[in-house]
Each structure stands twice: as structure tokens, then as C-alpha cells.
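Structure file work-v9.txt; described as compact mmCIF, C-alpha atoms.
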```txt
# COMPACT_ATOMS: atom_id res chain seq x y z
CA MET A 1 39.79 -35.79 -13.50
CA LYS A 2 38.13 -33.12 -15.70
CA ARG A 3 36.31 -35.78 -17.74
CA THR A 4 34.95 -37.39 -14.55
CA LEU A 5 33.69 -34.04 -13.22
CA ARG A 6 32.00 -33.16 -16.51
CA PHE A 7 30.40 -36.58 -16.72
CA GLY A 8 29.01 -36.13 -13.20
CA ILE A 9 27.45 -32.79 -14.17
CA LEU A 10 25.84 -34.35 -17.24
CA ILE A 11 24.27 -37.10 -15.12
CA CYS A 12 22.66 -34.39 -12.95
CA ILE A 13 21.25 -32.69 -16.04
CA LEU A 14 19.84 -35.89 -17.49
CA ALA A 15 18.19 -36.76 -14.19
CA GLY A 16 16.35 -33.43 -14.19
CA LEU A 17 15.01 -33.78 -17.74
CA THR A 18 12.04 -35.79 -18.95
CA THR A 19 12.51 -38.59 -21.50
CA THR A 20 11.40 -36.25 -24.26
CA GLU A 21 13.82 -33.55 -23.12
CA VAL A 22 16.70 -36.04 -23.02
CA GLY A 23 16.05 -37.10 -26.63
CA SER A 24 15.81 -33.55 -27.91
CA SER A 25 18.87 -32.37 -25.95
CA ARG A 26 21.25 -35.18 -26.81
CA GLN A 27 23.29 -33.04 -29.18
CA LYS A 28 23.63 -30.24 -26.60
CA ARG A 29 24.09 -32.13 -23.35
CA GLN A 30 27.70 -31.06 -22.96
CA THR A 31 26.76 -27.41 -23.23
CA TYR A 32 24.96 -26.83 -19.92
CA SER A 33 25.50 -26.97 -16.17
CA ILE A 34 22.99 -26.65 -13.32
CA LEU A 35 23.51 -24.53 -10.24
CA PRO A 36 23.95 -26.64 -7.08
CA SER A 37 20.69 -27.67 -5.44
CA GLY A 38 18.98 -24.82 -3.61
CA GLU A 39 21.00 -22.09 -5.34
CA SER A 40 19.67 -19.55 -7.81
CA ASP A 41 20.84 -16.29 -9.26
CA GLY A 42 17.35 -14.82 -8.98
CA THR A 43 16.56 -15.36 -12.66
CA CYS A 44 14.34 -18.39 -12.09
CA LEU A 45 11.32 -17.86 -9.83
CA ASN A 46 9.16 -20.13 -7.69
CA GLY A 47 11.91 -22.67 -6.94
CA GLY A 48 13.15 -22.93 -10.52
CA THR A 49 16.78 -23.77 -11.24
CA SER A 50 18.99 -21.81 -13.61
CA VAL A 51 20.83 -23.83 -16.29
CA SER A 52 23.96 -22.06 -17.48
CA SER A 53 26.53 -22.55 -20.21
CA LEU A 54 29.75 -24.36 -19.29
CA HIS A 55 31.64 -22.15 -21.70
CA SER A 56 30.25 -18.67 -20.98
CA HIS A 57 28.75 -19.41 -17.52
CA GLY A 58 25.75 -17.29 -18.55
CA HIS A 59 22.10 -18.19 -17.91
CA MET A 60 20.57 -20.33 -20.68
CA PHE A 61 17.15 -21.44 -19.44
CA CYS A 62 15.17 -22.39 -16.32
CA LEU A 63 14.19 -25.83 -15.10
CA CYS A 64 10.88 -25.11 -13.39
CA ALA A 65 9.44 -26.79 -10.31
CA ASP A 66 6.24 -28.79 -10.71
CA GLY A 67 3.26 -26.59 -11.46
CA PHE A 68 5.21 -23.62 -12.85
CA GLY A 69 6.13 -22.59 -16.39
CA GLY A 70 7.33 -19.68 -18.49
CA ASP A 71 10.82 -18.45 -19.36
CA HIS A 72 11.49 -17.61 -15.70
CA CYS A 73 9.04 -20.07 -14.04
CA GLU A 74 6.78 -17.10 -13.41
CA ILE A 75 3.53 -18.77 -14.52
CA ASP A 76 1.63 -20.59 -11.80
CA MET A 77 0.03 -23.27 -13.96
CA ARG A 78 -2.14 -24.46 -11.06
CA ALA A 79 -3.50 -21.05 -10.03
CA ASN A 80 -7.27 -21.51 -10.26
CA CYS A 81 -8.19 -19.02 -7.55
CA TYR A 82 -6.89 -15.75 -6.10
CA SER A 83 -6.08 -14.61 -2.56
CA GLY A 84 -6.91 -11.23 -1.05
CA ILE A 85 -7.74 -8.97 -3.98
CA GLY A 86 -5.56 -10.96 -6.37
CA LEU A 87 -2.57 -8.62 -6.56
CA TYR A 88 -0.22 -11.59 -6.84
CA TYR A 89 -2.37 -13.81 -9.05
CA ARG A 90 -0.14 -15.21 -11.83
CA GLY A 91 -2.42 -17.79 -13.40
CA THR A 92 -3.50 -18.13 -17.02
CA MET A 93 -7.24 -17.40 -16.81
CA SER A 94 -8.20 -15.18 -19.75
CA LYS A 95 -12.01 -15.06 -19.64
CA SER A 96 -14.15 -12.30 -18.13
CA GLU A 97 -17.30 -12.83 -16.05
CA SER A 98 -19.41 -12.34 -19.17
CA GLY A 99 -17.49 -15.09 -20.98
CA ARG A 100 -15.60 -12.74 -23.29
CA THR A 101 -11.96 -13.42 -24.17
CA CYS A 102 -9.49 -11.00 -22.61
CA GLN A 103 -7.51 -8.75 -24.94
CA GLU A 104 -3.72 -8.54 -24.75
CA TRP A 105 -2.38 -5.88 -22.43
CA ASP A 106 -1.31 -2.68 -24.18
CA LEU A 107 2.30 -1.53 -24.40
CA ASP A 108 1.93 1.35 -21.95
CA THR A 109 0.41 -0.90 -19.26
CA ARG A 110 3.12 -3.52 -19.79
CA GLU A 111 5.94 -0.99 -19.47
CA ARG A 112 4.49 0.70 -16.38
CA LEU A 113 3.15 -2.21 -14.39
CA MET A 114 4.08 -5.60 -15.83
CA SER A 115 7.83 -5.71 -16.37
CA SER A 116 8.18 -8.68 -13.97
CA ASP A 117 5.09 -10.50 -15.23
CA VAL A 118 4.84 -13.45 -17.60
CA ASN A 119 6.75 -12.58 -20.77
CA SER A 120 6.88 -8.96 -19.56
CA GLY A 121 3.10 -8.76 -19.80
CA ARG A 122 2.79 -9.77 -23.44
CA HIS A 123 -0.29 -11.92 -22.85
CA ASN A 124 -4.02 -11.65 -22.17
CA TYR A 125 -4.14 -13.28 -18.72
CA CYS A 126 -6.26 -11.72 -15.97
CA ARG A 127 -4.37 -9.53 -13.52
CA ASN A 128 -5.21 -7.04 -10.77
CA LEU A 129 -3.54 -3.80 -11.80
CA ASP A 130 -4.13 -0.41 -10.14
CA TYR A 131 -5.55 -1.97 -6.92
CA LYS A 132 -8.94 -2.95 -8.24
CA ARG A 133 -11.20 -5.33 -6.32
CA ARG A 134 -10.05 -8.53 -7.97
CA PRO A 135 -8.30 -9.72 -11.19
CA TRP A 136 -9.66 -8.17 -14.37
CA CYS A 137 -8.85 -7.60 -18.03
CA TYR A 138 -9.89 -5.61 -21.09
CA VAL A 139 -12.57 -7.10 -23.36
CA LEU A 140 -14.25 -5.94 -26.54
CA LYS A 141 -17.85 -4.75 -26.17
CA LYS A 142 -19.49 -3.16 -29.19
CA GLN A 143 -16.05 -2.57 -30.71
CA ARG A 144 -14.85 -0.76 -27.58
CA LEU A 145 -12.30 -1.85 -24.99
CA VAL A 146 -13.85 -2.00 -21.53
CA GLN A 147 -12.70 -3.41 -18.21
CA GLU A 148 -14.37 -6.51 -16.80
CA TYR A 149 -13.61 -8.62 -13.74
CA CYS A 150 -12.51 -12.16 -14.48
CA ASN A 151 -14.34 -15.38 -13.74
CA ILE A 152 -11.89 -16.56 -11.06
CA PRO A 153 -13.02 -17.71 -7.59
CA ARG A 154 -11.47 -16.43 -4.39
CA CYS A 155 -9.28 -19.06 -2.71
CA GLY A 156 -10.98 -20.80 0.19
CA PHE A 157 -14.50 -19.76 -0.84
CA THR A 158 -16.87 -22.66 -1.52
CA PRO A 159 -20.37 -21.65 -2.66
CA ASP A 160 -23.37 -23.50 -1.22
CA PRO A 161 -24.58 -25.80 -4.06
CA SER A 162 -28.15 -25.59 -2.75
CA LEU A 163 -28.29 -21.88 -3.47
CA PRO A 164 -28.80 -20.33 -6.91
CA SER A 165 -25.74 -18.81 -8.54
CA PRO A 166 -25.65 -15.08 -7.84
CA ALA A 167 -25.43 -12.48 -10.56
CA PRO A 168 -21.88 -11.16 -11.15
CA THR A 169 -22.06 -8.25 -8.76
CA GLU A 170 -19.80 -7.06 -5.95
CA PRO A 171 -20.42 -8.76 -2.57
CA ALA A 172 -22.35 -6.68 -0.06
CA THR A 173 -19.62 -7.09 2.56
CA GLU A 174 -16.88 -5.70 0.32
CA SER A 175 -14.73 -3.00 1.85
CA THR A 176 -15.99 0.57 1.71
CA CYS A 177 -12.61 1.98 2.70
CA GLY A 178 -11.00 4.88 0.88
CA GLN A 179 -14.19 6.33 -0.62
CA ARG A 180 -15.19 9.95 -0.16
CA LEU A 181 -17.42 12.82 -1.20
CA ARG A 182 -15.31 15.60 -2.67
CA LYS A 183 -15.90 19.11 -1.28
CA GLN A 184 -13.37 21.93 -0.96
CA MET A 185 -12.96 25.69 -0.95
CA LYS A 186 -9.97 27.46 -2.47
CA ILE A 187 -8.42 30.31 -0.50
CA VAL A 188 -5.34 32.47 -1.05
CA GLY A 189 -2.17 30.71 -0.04
CA GLY A 190 -3.59 27.22 0.27
CA THR A 191 -6.61 24.98 0.32
CA ILE A 192 -9.19 24.50 3.03
CA ALA A 193 -10.92 21.14 2.66
CA THR A 194 -14.14 20.00 4.27
CA VAL A 195 -13.85 16.75 6.16
CA GLU A 196 -15.92 14.92 3.51
CA SER A 197 -12.76 15.11 1.38
CA HIS A 198 -10.75 13.29 4.05
CA PRO A 199 -13.33 11.40 6.12
CA TRP A 200 -10.64 9.13 7.64
CA ILE A 201 -8.80 12.06 9.28
CA ALA A 202 -8.63 11.83 13.07
CA ALA A 203 -7.91 14.68 15.46
CA ILE A 204 -6.03 13.43 18.54
CA PHE A 205 -6.39 15.49 21.73
CA TRP A 206 -4.51 15.35 25.03
CA ARG A 207 -5.96 16.41 28.39
CA SER A 208 -3.48 18.42 30.43
CA ARG A 209 -3.22 18.38 34.22
CA SER A 210 -5.37 21.51 34.27
CA LYS A 211 -8.04 19.54 32.36
CA GLN A 212 -7.47 21.63 29.25
CA LYS A 213 -8.07 19.79 25.97
CA VAL A 214 -5.03 20.32 23.73
CA PHE A 215 -4.71 19.22 20.11
CA ARG A 216 -1.75 16.83 19.83
CA CYS A 217 -1.62 15.15 16.39
CA GLY A 218 -3.49 13.90 13.37
CA GLY A 219 -4.25 10.28 12.56
CA SER A 220 -6.10 8.00 10.13
CA LEU A 221 -9.08 5.74 10.82
CA ILE A 222 -8.17 2.28 9.47
CA SER A 223 -11.07 0.38 11.06
CA PRO A 224 -14.00 1.39 13.29
CA CYS A 225 -11.93 0.94 16.46
CA TRP A 226 -8.35 1.71 15.33
CA VAL A 227 -6.48 4.88 14.38
CA LEU A 228 -2.99 4.86 12.86
CA THR A 229 -0.69 7.75 13.74
CA ALA A 230 2.96 8.65 14.50
CA ALA A 231 4.90 7.31 17.48
CA HIS A 232 6.58 10.67 18.17
CA CYS A 233 3.18 12.09 19.12
CA PHE A 234 3.61 10.25 22.45
CA PRO A 235 6.87 11.48 24.03
CA ASP A 236 6.20 9.49 27.20
CA GLY A 237 6.61 6.27 25.22
CA SER A 238 5.59 3.17 27.15
CA ASN A 239 4.54 5.41 30.06
CA THR A 240 1.85 7.08 27.96
CA ARG A 241 -1.50 7.16 29.75
CA ALA A 242 -4.20 6.28 27.26
CA ARG A 243 -6.95 7.77 29.44
CA ARG A 244 -5.55 11.26 28.90
CA PHE A 245 -6.21 11.06 25.16
CA SER A 246 -9.32 11.33 23.05
CA VAL A 247 -10.01 11.17 19.32
CA THR A 248 -12.54 13.13 17.31
CA LEU A 249 -13.55 11.99 13.82
CA GLY A 250 -15.36 14.12 11.24
CA LYS A 251 -13.88 17.40 12.48
CA ASN A 252 -13.74 20.42 10.16
CA ALA A 253 -12.29 22.98 12.57
CA LEU A 254 -10.36 22.63 15.83
CA ASN A 255 -12.19 25.49 17.55
CA GLU A 256 -15.67 24.41 16.50
CA THR A 257 -17.83 21.44 17.49
CA GLU A 258 -20.48 20.00 15.18
CA PRO A 259 -22.29 17.18 17.04
CA THR A 260 -24.22 16.04 13.95
CA ARG A 261 -20.98 15.46 12.01
CA GLU A 262 -18.42 14.54 14.66
CA GLN A 263 -17.81 11.34 16.63
CA THR A 264 -15.61 11.50 19.73
CA PHE A 265 -14.05 8.59 21.61
CA LYS A 266 -11.83 8.03 24.59
CA VAL A 267 -8.66 6.05 23.92
CA GLU A 268 -8.54 2.56 25.38
CA LYS A 269 -4.96 1.70 24.42
CA VAL A 270 -1.88 3.33 22.88
CA VAL A 271 0.43 0.96 20.98
CA ILE A 272 3.81 2.46 20.04
CA HIS A 273 6.16 0.55 17.75
CA GLU A 274 8.70 -1.30 19.86
CA GLU A 275 11.63 -0.14 17.71
CA PHE A 276 10.71 3.53 17.49
CA ASP A 277 14.01 5.37 17.74
CA ASN A 278 14.88 9.07 17.64
CA SER A 279 18.49 8.76 18.78
CA GLU A 280 19.62 10.00 15.34
CA GLY A 281 16.95 12.70 15.18
CA ASN A 282 15.07 10.99 12.35
CA PHE A 283 12.12 9.22 14.05
CA ASN A 284 12.83 5.73 12.69
CA ASN A 285 9.81 3.37 12.92
CA ASP A 286 7.56 6.35 13.56
CA ILE A 287 4.24 4.56 13.81
CA ALA A 288 1.66 4.00 16.56
CA LEU A 289 -1.90 2.73 16.99
CA LEU A 290 -4.76 4.02 19.10
CA LYS A 291 -7.59 1.71 20.07
CA LEU A 292 -10.82 3.63 20.50
CA LYS A 293 -13.04 2.92 23.49
CA ALA A 294 -16.49 1.91 22.31
CA ASN A 295 -19.51 4.11 23.05
CA ASP A 296 -22.64 2.06 23.76
CA GLY A 297 -21.01 -1.06 22.38
CA HIS A 298 -19.68 0.33 19.11
CA CYS A 299 -16.81 2.46 17.84
CA ALA A 300 -16.92 4.63 14.71
CA GLN A 301 -20.01 4.47 12.54
CA GLU A 302 -19.78 5.14 8.83
CA SER A 303 -21.25 8.45 7.65
CA ARG A 304 -20.60 11.17 5.09
CA THR A 305 -17.89 12.61 7.33
CA VAL A 306 -16.46 9.43 8.89
CA LYS A 307 -15.02 6.61 6.79
CA THR A 308 -11.99 4.35 6.90
CA VAL A 309 -8.98 4.63 4.62
CA CYS A 310 -7.62 1.53 2.83
CA LEU A 311 -4.33 -0.09 3.84
CA PRO A 312 -2.12 -0.84 0.83
CA PRO A 313 -0.58 -4.28 0.27
CA PRO A 314 2.72 -5.03 2.04
CA ARG A 315 5.99 -3.80 0.50
CA GLN A 316 4.13 -2.02 -2.28
CA SER A 317 6.22 1.01 -3.24
CA LEU A 318 5.09 4.30 -4.75
CA GLN A 319 6.37 5.49 -8.08
CA ALA A 320 8.17 8.83 -7.97
CA GLY A 321 6.25 11.68 -9.56
CA ILE A 322 2.66 10.58 -8.93
CA PHE A 323 0.42 12.95 -6.96
CA CYS A 324 -0.81 12.02 -3.50
CA GLU A 325 -2.65 14.06 -0.84
CA ILE A 326 -1.79 15.13 2.67
CA ALA A 327 -4.21 16.67 5.15
CA GLY A 328 -4.07 18.08 8.66
CA TYR A 329 -4.73 20.86 11.12
CA GLY A 330 -1.08 21.99 11.33
CA LYS A 331 0.53 25.40 10.95
CA GLU A 332 0.10 27.21 7.66
CA LYS A 333 3.77 28.16 7.61
CA LYS A 334 6.89 27.81 9.73
CA GLY A 335 7.15 30.19 12.68
CA LEU A 336 3.46 30.69 13.40
CA TRP A 337 2.57 30.15 17.06
CA TYR A 338 -0.85 28.74 16.23
CA ASN A 339 -2.20 25.84 14.16
CA SER A 340 -4.64 26.19 11.32
CA GLN A 341 -8.11 26.14 12.81
CA TYR A 342 -9.47 24.43 9.70
CA LEU A 343 -8.63 21.17 8.01
CA ARG A 344 -6.24 21.87 5.14
CA GLU A 345 -4.93 19.74 2.30
CA ALA A 346 -2.18 19.74 -0.32
CA GLN A 347 -0.92 17.58 -3.15
CA VAL A 348 2.64 16.26 -3.03
CA SER A 349 4.68 13.80 -5.07
CA PRO A 350 6.92 11.05 -3.67
CA LEU A 351 10.63 11.45 -4.43
CA ALA A 352 12.88 8.59 -5.45
CA HIS A 353 14.58 7.12 -2.39
CA ASP A 354 18.10 7.70 -3.74
CA VAL A 355 17.27 11.36 -4.42
CA CYS A 356 16.17 12.03 -0.84
CA ARG A 357 19.33 10.32 0.45
CA LYS A 358 21.59 12.69 -1.48
CA PRO A 359 23.87 14.89 0.66
CA ASP A 360 22.06 18.08 -0.38
CA TYR A 361 18.78 16.57 0.81
CA TYR A 362 18.79 14.46 4.02
CA GLY A 363 21.63 12.02 3.36
CA ASP A 364 21.71 8.84 5.42
CA MET A 365 19.07 10.13 7.83
CA ILE A 366 16.53 8.59 5.45
CA THR A 367 16.08 4.90 6.25
CA ALA A 368 14.21 2.16 4.42
CA ASN A 369 11.23 2.87 6.71
CA MET A 370 10.73 6.38 5.29
CA PHE A 371 10.11 8.20 2.05
CA CYS A 372 10.09 11.85 1.05
CA ALA A 373 7.42 13.81 -0.79
CA GLY A 374 7.11 17.41 -1.91
CA ARG A 375 6.48 19.73 -4.83
CA PRO A 376 8.96 20.65 -7.59
CA ASP A 377 8.62 24.33 -6.63
CA TRP A 378 8.74 23.54 -2.86
CA SER A 379 5.43 25.40 -2.43
CA ARG A 380 3.47 22.76 -0.48
CA ASP A 381 4.45 20.64 2.49
CA ALA A 382 3.26 19.27 5.80
CA CYS A 383 4.17 21.41 8.79
CA GLU A 384 4.22 21.34 12.58
CA GLY A 385 0.91 20.04 13.89
CA ASP A 386 0.29 17.79 10.89
CA SER A 387 2.27 14.95 12.52
CA GLY A 388 0.58 11.56 12.43
CA GLY A 389 -1.75 12.60 9.63
CA PRO A 390 -2.30 10.74 6.35
CA LEU A 391 -0.56 10.75 3.00
CA VAL A 392 -3.03 8.98 0.71
CA CYS A 393 -2.86 8.03 -2.96
CA GLU A 394 -5.84 7.27 -5.19
CA MET A 395 -6.12 3.92 -6.96
CA ASP A 396 -9.31 2.87 -8.77
CA ASN A 397 -11.39 5.59 -7.05
CA ARG A 398 -10.22 4.55 -3.58
CA PHE A 399 -7.63 6.11 -1.32
CA PHE A 400 -4.82 4.07 0.22
CA LEU A 401 -2.78 5.16 3.23
CA PHE A 402 0.83 4.99 2.03
CA GLY A 403 2.42 7.48 4.44
CA ILE A 404 2.22 8.98 7.93
CA VAL A 405 3.42 12.55 8.39
CA SER A 406 6.64 12.13 10.38
CA TRP A 407 9.29 14.88 10.20
CA GLY A 408 11.15 17.39 8.06
CA GLU A 409 13.41 20.41 8.31
CA GLY A 410 11.26 23.52 8.19
CA CYS A 411 8.09 23.68 6.10
CA ALA A 412 8.14 23.86 2.29
CA LYS A 413 11.89 24.49 2.44
CA GLU A 414 14.04 23.94 -0.66
CA TYR A 415 15.73 20.52 -0.71
CA ARG A 416 13.99 19.67 2.57
CA PRO A 417 10.82 17.78 1.60
CA GLY A 418 8.46 16.24 4.11
CA VAL A 419 9.42 12.79 5.42
CA TYR A 420 6.76 10.11 5.84
CA THR A 421 6.62 6.71 7.52
CA THR A 422 6.30 3.96 4.89
CA VAL A 423 3.06 2.26 5.98
CA THR A 424 3.57 -0.79 3.73
CA ASN A 425 6.60 -1.78 5.83
CA TYR A 426 4.30 -2.34 8.79
CA ASN A 427 1.37 -4.40 7.49
CA GLN A 428 2.42 -7.41 9.55
CA TRP A 429 2.92 -5.29 12.68
CA ILE A 430 -0.52 -3.71 12.25
CA GLU A 431 -2.09 -7.13 11.79
CA GLN A 432 -0.35 -8.51 14.90
CA LYS A 433 -1.53 -5.63 17.07
CA THR A 434 -5.07 -5.23 15.73
CA GLY A 435 -6.00 -8.43 13.90
CA LEU A 436 -6.57 -6.34 10.77
CA SER A 437 -4.96 -6.82 7.36
CA SER A 438 -4.87 -4.74 4.18
CA ILE A 439 -7.81 -6.88 3.01
CA THR A 440 -10.04 -6.64 6.12
CA ALA A 441 -9.26 -3.08 7.21
CA GLY A 442 -12.10 -0.73 6.41
CA SER A 443 -14.65 -3.47 5.75
CA MET A 444 -15.99 -3.93 9.25
CA PHE A 445 -18.47 -1.09 9.67
CA PRO A 446 -21.78 -2.43 10.95
CA GLN A 447 -24.10 -3.23 8.05
CA LYS A 448 -27.09 -0.92 7.90
```

Translate this file's structure into C-alpha cells.
Amino acid sequence: MKRTLRFGILICILAGLTTTEVGSSRQKRQTYSILPSGESDGTCLNGGTSVSSLHSHGHMFCLCADGFGGDHCEIDMRANCYSGIGLYYRGTMSKSESGRTCQEWDLDTRERLMSSDVNSGRHNYCRNLDYKRRPWCYVLKKQRLVQEYCNIPRCGFTPDPSLPSPAPTEPATESTCGQRLRKQMKIVGGTIATVESHPWIAAIFWRSRSKQKVFRCGGSLISPCWVLTAAHCFPDGSNTRARRFSVTLGKNALNETEPTREQTFKVEKVVIHEEFDNSEGNFNNDIALLKLKANDGHCAQESRTVKTVCLPPPRQSLQAGIFCEIAGYGKEKKGLWYNSQYLREAQVSPLAHDVCRKPDYYGDMITANMFCAGRPDWSRDACEGDSGGPLVCEMDNRFFLFGIVSWGEGCAKEYRPGVYTTVTNYNQWIEQKTGLSSITAGSMFPQK
């Protein structure tokens, strides 16, 4: 019975090998077994099948599906174009736009960013690291290493053969999201920032029954007509009346109005995440969208003080320890009865998820839809009134919206960092509700 079973396994192996592989493996054919069809231990990617030893039952090598290669089937041999901005391009192109040969990636880059790449990054293939505009690599120019974009077309783009080939420059319609002019003033006890430093910040106001205009929350402009904010800013839930809200962009101070810098809109629609839940006191799925009502046929217009922020790719996580920025009009410290009248900012660092879930932090109140961020000395934090505002991180001179100010115990309290909604968990939801994606958001300002 055992001989029959082993013979059957060998037949399966031989059927999966080419004639050349059969000849070269004849002396070892009794050494391997193949996982049943459709099963994988996660070692082999892109539909590859793990071949293991009959004696040790450990992984030996991968049988790759058509079109894939590499030790773990991680190389897409057919990849001759890239989608989006090419974050997931895994082809073998290794030439820059100028025709230069790409240099191999350095050790530091491989260890930080390419552990799951082809041969752990020990190659010179084009990749999009650090959220640049498309796949790139290092090349030698005058004995110096410089970055150049690669000569890879975008998938689905077919140039008109009747037109002359354009020079290798960035397309005019490329997104302008996440770019800013840096201006700030230092003051004792914190930082006041002019709105040019955070031109995507939105101030959300609510009109009371007495017609008084009351500041409610912060938000982030992700396209000319859409603002992303926190669901808990709308305690009436599905009964929220959009007409009672307005949004002002380009605002430096809550108690001042600057018509030449600000743009104000009524709210046409409030979209609260269907699974927003505060039954455990932790604001799970704390995310909402505001659709701005157009003025004279258009929504926000790009200026020095009004710009969109970039949406990061889905499921992209932040590394603990990097510095990101938060901004808002909230209270300067816990216990004050008034908000800051000026836009303020601070730098915070994301904490590892398992750290924030420790019992001396927040325990199991932290879900997969949240992350924590703070300072090692607990000196900076978001506070009441900053809700809905942005946590942005800089990549390749652009700012990406990774977090929404959600909740926290106190302000700048030891072992109680700020908690933020993980925006990358909601890319699909944002796209369903708005028609935007991380690629199109921020690129739709009217061309001047």
C-alpha cells in the first residue's frame, strides 16, 4: 500500500515537470512531494506550489505558475507595464528613461523596504520605493548615483502613433496632492503654523438652532469636492442634517476671516461609515465623508492656502518611529474651556500595534482599524477639538493622509497616546462613496 501511494505522488511530480526537469531530477524523484492542488503554505507566491521533502516535510522549492519565476515565484516575468504609481510592479525592467543600466539596490534599502522582493532585493530591477511617481532606480551619472524614472509604460496607456514622442517629463495632469509651502512661527509651549503648511486642513462648522456658527471638527481635503473626517463628529448619525454644516478651507484662525485666503462651502451630503461603533467607547470605524456643495459650478480651487492631501495605497502600514505631523484648532491642553484660535501643529511617531495594545496602554480597545502615535516624552498630542483632523507623513516631498484624529485618554498623558483611524483600511470604502482612489484623489483641480 505504501509503495502504491508513493508511486502515485511521483506521477504527480513528473506531470508537473518539463522534459528537461524530468531528466535532471531522475536521481531525486523519490525525495519530493507536492502539496495538494490549491494548497500552499504561503512560501510560494502568485499561484506557485510548494514542493517539500518526503523525509523532513520541509519546503524544498517552488513550482511556479506560467509567467512567474524566482525562488518564491515572486518575479512577474510578463510585467511590461505598471498600474497606478507602480507600487506593486515586480517585473525585471532595469533601464532608466535615459537608457542607463540600473545599479543594484544598496543594503540599507533592501533591509528597510525590500525584504519580500525578488531575492530580498538583491537585484537592479526598477521599483517604486518611498511613494514616488512611478518605478525608478539608481543610475551612474558622472560617477555619481542619481535617481531616474524607468522606461516602463503605464498599463492601459496607448500613445497615438501619429504624434511625436514626448520628452521624458512628468504629465501635466499628474496629481498635485500633498504639496505645500512651508511657513511657521515658534511660540512657547507649542507651534503655531500658517495654513500654507497644512493647506488640506478643513474647518467644519455647525449652525445651531440660534443660528450661531460653532466649530465642530477638523478634516482633510482629499479632492476638490470631498473632505475626510471622523464619524464621531456627527453624533446624530444617519439623522445628521447636512444643511446645518459648512466647511472653510485655508483658515488660519477660528475667530478671524480672510476672504482672499479662505474658501467656504455648504455641505451637500454627510456620509458616515456604516459600521461606526462606539459601544465599547473606542470609536471603531471612525471615518466620515463630507461632500461640498459647489459654488458657481465648482468646489475647491487650488491656491497657496488650499490644496489636497494624497491618499496612501491600501493596506500600507506605517513603520514605528518615523515622524508624522498632526494639525488642528483644538485645545492647547486638557481642561481648557476654549479651543486654540490659531492652527497648531505637532510631530508625533506611530507606535507599534502590539505596544499600544499592552495592558498599561489601551489593551484590547485598539482594533485593527486604529493606530497610536505620540512622543517618547509624551510632550505632544492631539487634544479635544482636533477630532477629524489629519495625521500626514511625508514621502518623496508629498504628504499622505495616513490617520484621522479619533480619540485618546487625556492630552499628552503618559502611556495614553493619541489614537488615529487607519485611513489605508478604507481606500475601497472611500472609492465606493466618492469615485476617488489613491491614484485619482488630489489630481482633479481644474487646470489653469

**Complete:** Counting all atoms listed in the file, the residue among A:Pro314, A:Gly328, A:Pro417, A:Pro376 that lies closest to Tyr362 (chain A) is A:Pro417

**Prompt:** Can you tell me, as a VMD selection string, what residues are no more than 12 Å from Arg261 (chain A) when counting all atoms listed in the file, ignoring any on the same chain fewer than 4 positions away?
**Reply:** chain A and resid 194 to 196 199 248 to 253 256 to 257 300 to 307

**Message:** Nearest residue to Val392 (chain A) out of A:His198, A:Lys358, A:Lys211, A:Arg90, using all atoms listed in the file?
**Reply:**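 Looking only at the distances to Val392 (chain A), the closest residue turns out to be A:His198.
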
**Complete:** Correct to one decimal, the distance CA of Tyr361 (chain A)-CA of Ile201 (chain A) is 29.2 Å

**Asked** So how many Å separate CA of His232 (chain A) and CA of Arg398 (chain A), to one decimal?
**Response**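 Atom-to-atom, CA of His232 (chain A) to CA of Arg398 (chain A), that is 28.2 Å.
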
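Our summary of the geometry notes that CA of Arg112 (chain A) is positioned 10.7 Å from CA of Asp130 (chain A).
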
List as an mmCIF file with C-alpha atoms, keeping the file's coordinate frame the protein and nucleic acid residues near Gln212 (chain A), meaning an atom at most 12 Å away when all atoms listed in the file are counted, but skip any in the same chain fewer than 5 places from it.
```
data_model
loop_
_atom_site.group_PDB
_atom_site.id
_atom_site.type_symbol
_atom_site.label_atom_id
_atom_site.label_comp_id
_atom_site.auth_asym_id
_atom_site.auth_seq_id
_atom_site.Cartn_x
_atom_site.Cartn_y
_atom_site.Cartn_z
ATOM 1 C CA PHE A 205 -6.390 15.490 21.730
ATOM 2 C CA TRP A 206 -4.510 15.350 25.030
ATOM 3 C CA ARG A 207 -5.960 16.410 28.390
ATOM 4 C CA ARG A 244 -5.550 11.260 28.900
ATOM 5 C CA PHE A 245 -6.210 11.060 25.160
#
```

**Prompt:** Pick from A:Phe283, A:Phe215, A:Tyr420, A:Tyr89: nearest to Met365 (chain A), with all atoms listed in the file counted?
**Reply:**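 Smallest separation from Met365 (chain A) among the options: A:Phe283.
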
**Asked** Using all atoms listed in the file, what residues lie at most 10 Å away from (-5.3, 8.4, 2.3) (file coordinates), given as JSON, numbers by chain?
**Response** {"A": [177, 178, 179, 198, 199, 200, 201, 220, 221, 222, 308, 309, 310, 311, 312, 324, 325, 326, 327, 389, 390, 391, 392, 393, 394, 398, 399, 400, 401, 402, 403, 404]}

**Message:** Taking only C-alpha atoms into account, name the residue in A:Gly321, A:Ser94, A:Cys217, A:Gln103 that is nearest to Pro235 (chain A).
**Reply:** A:Cys217

**Among the residues A:Arg357, A:His123, A:Arg180, A:Arg416, the one that comes closest to Ala373 (chain A) [using all atoms listed in the file]** =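 Of the candidates, the smallest distance to Ala373 (chain A) is held by A:Arg416.
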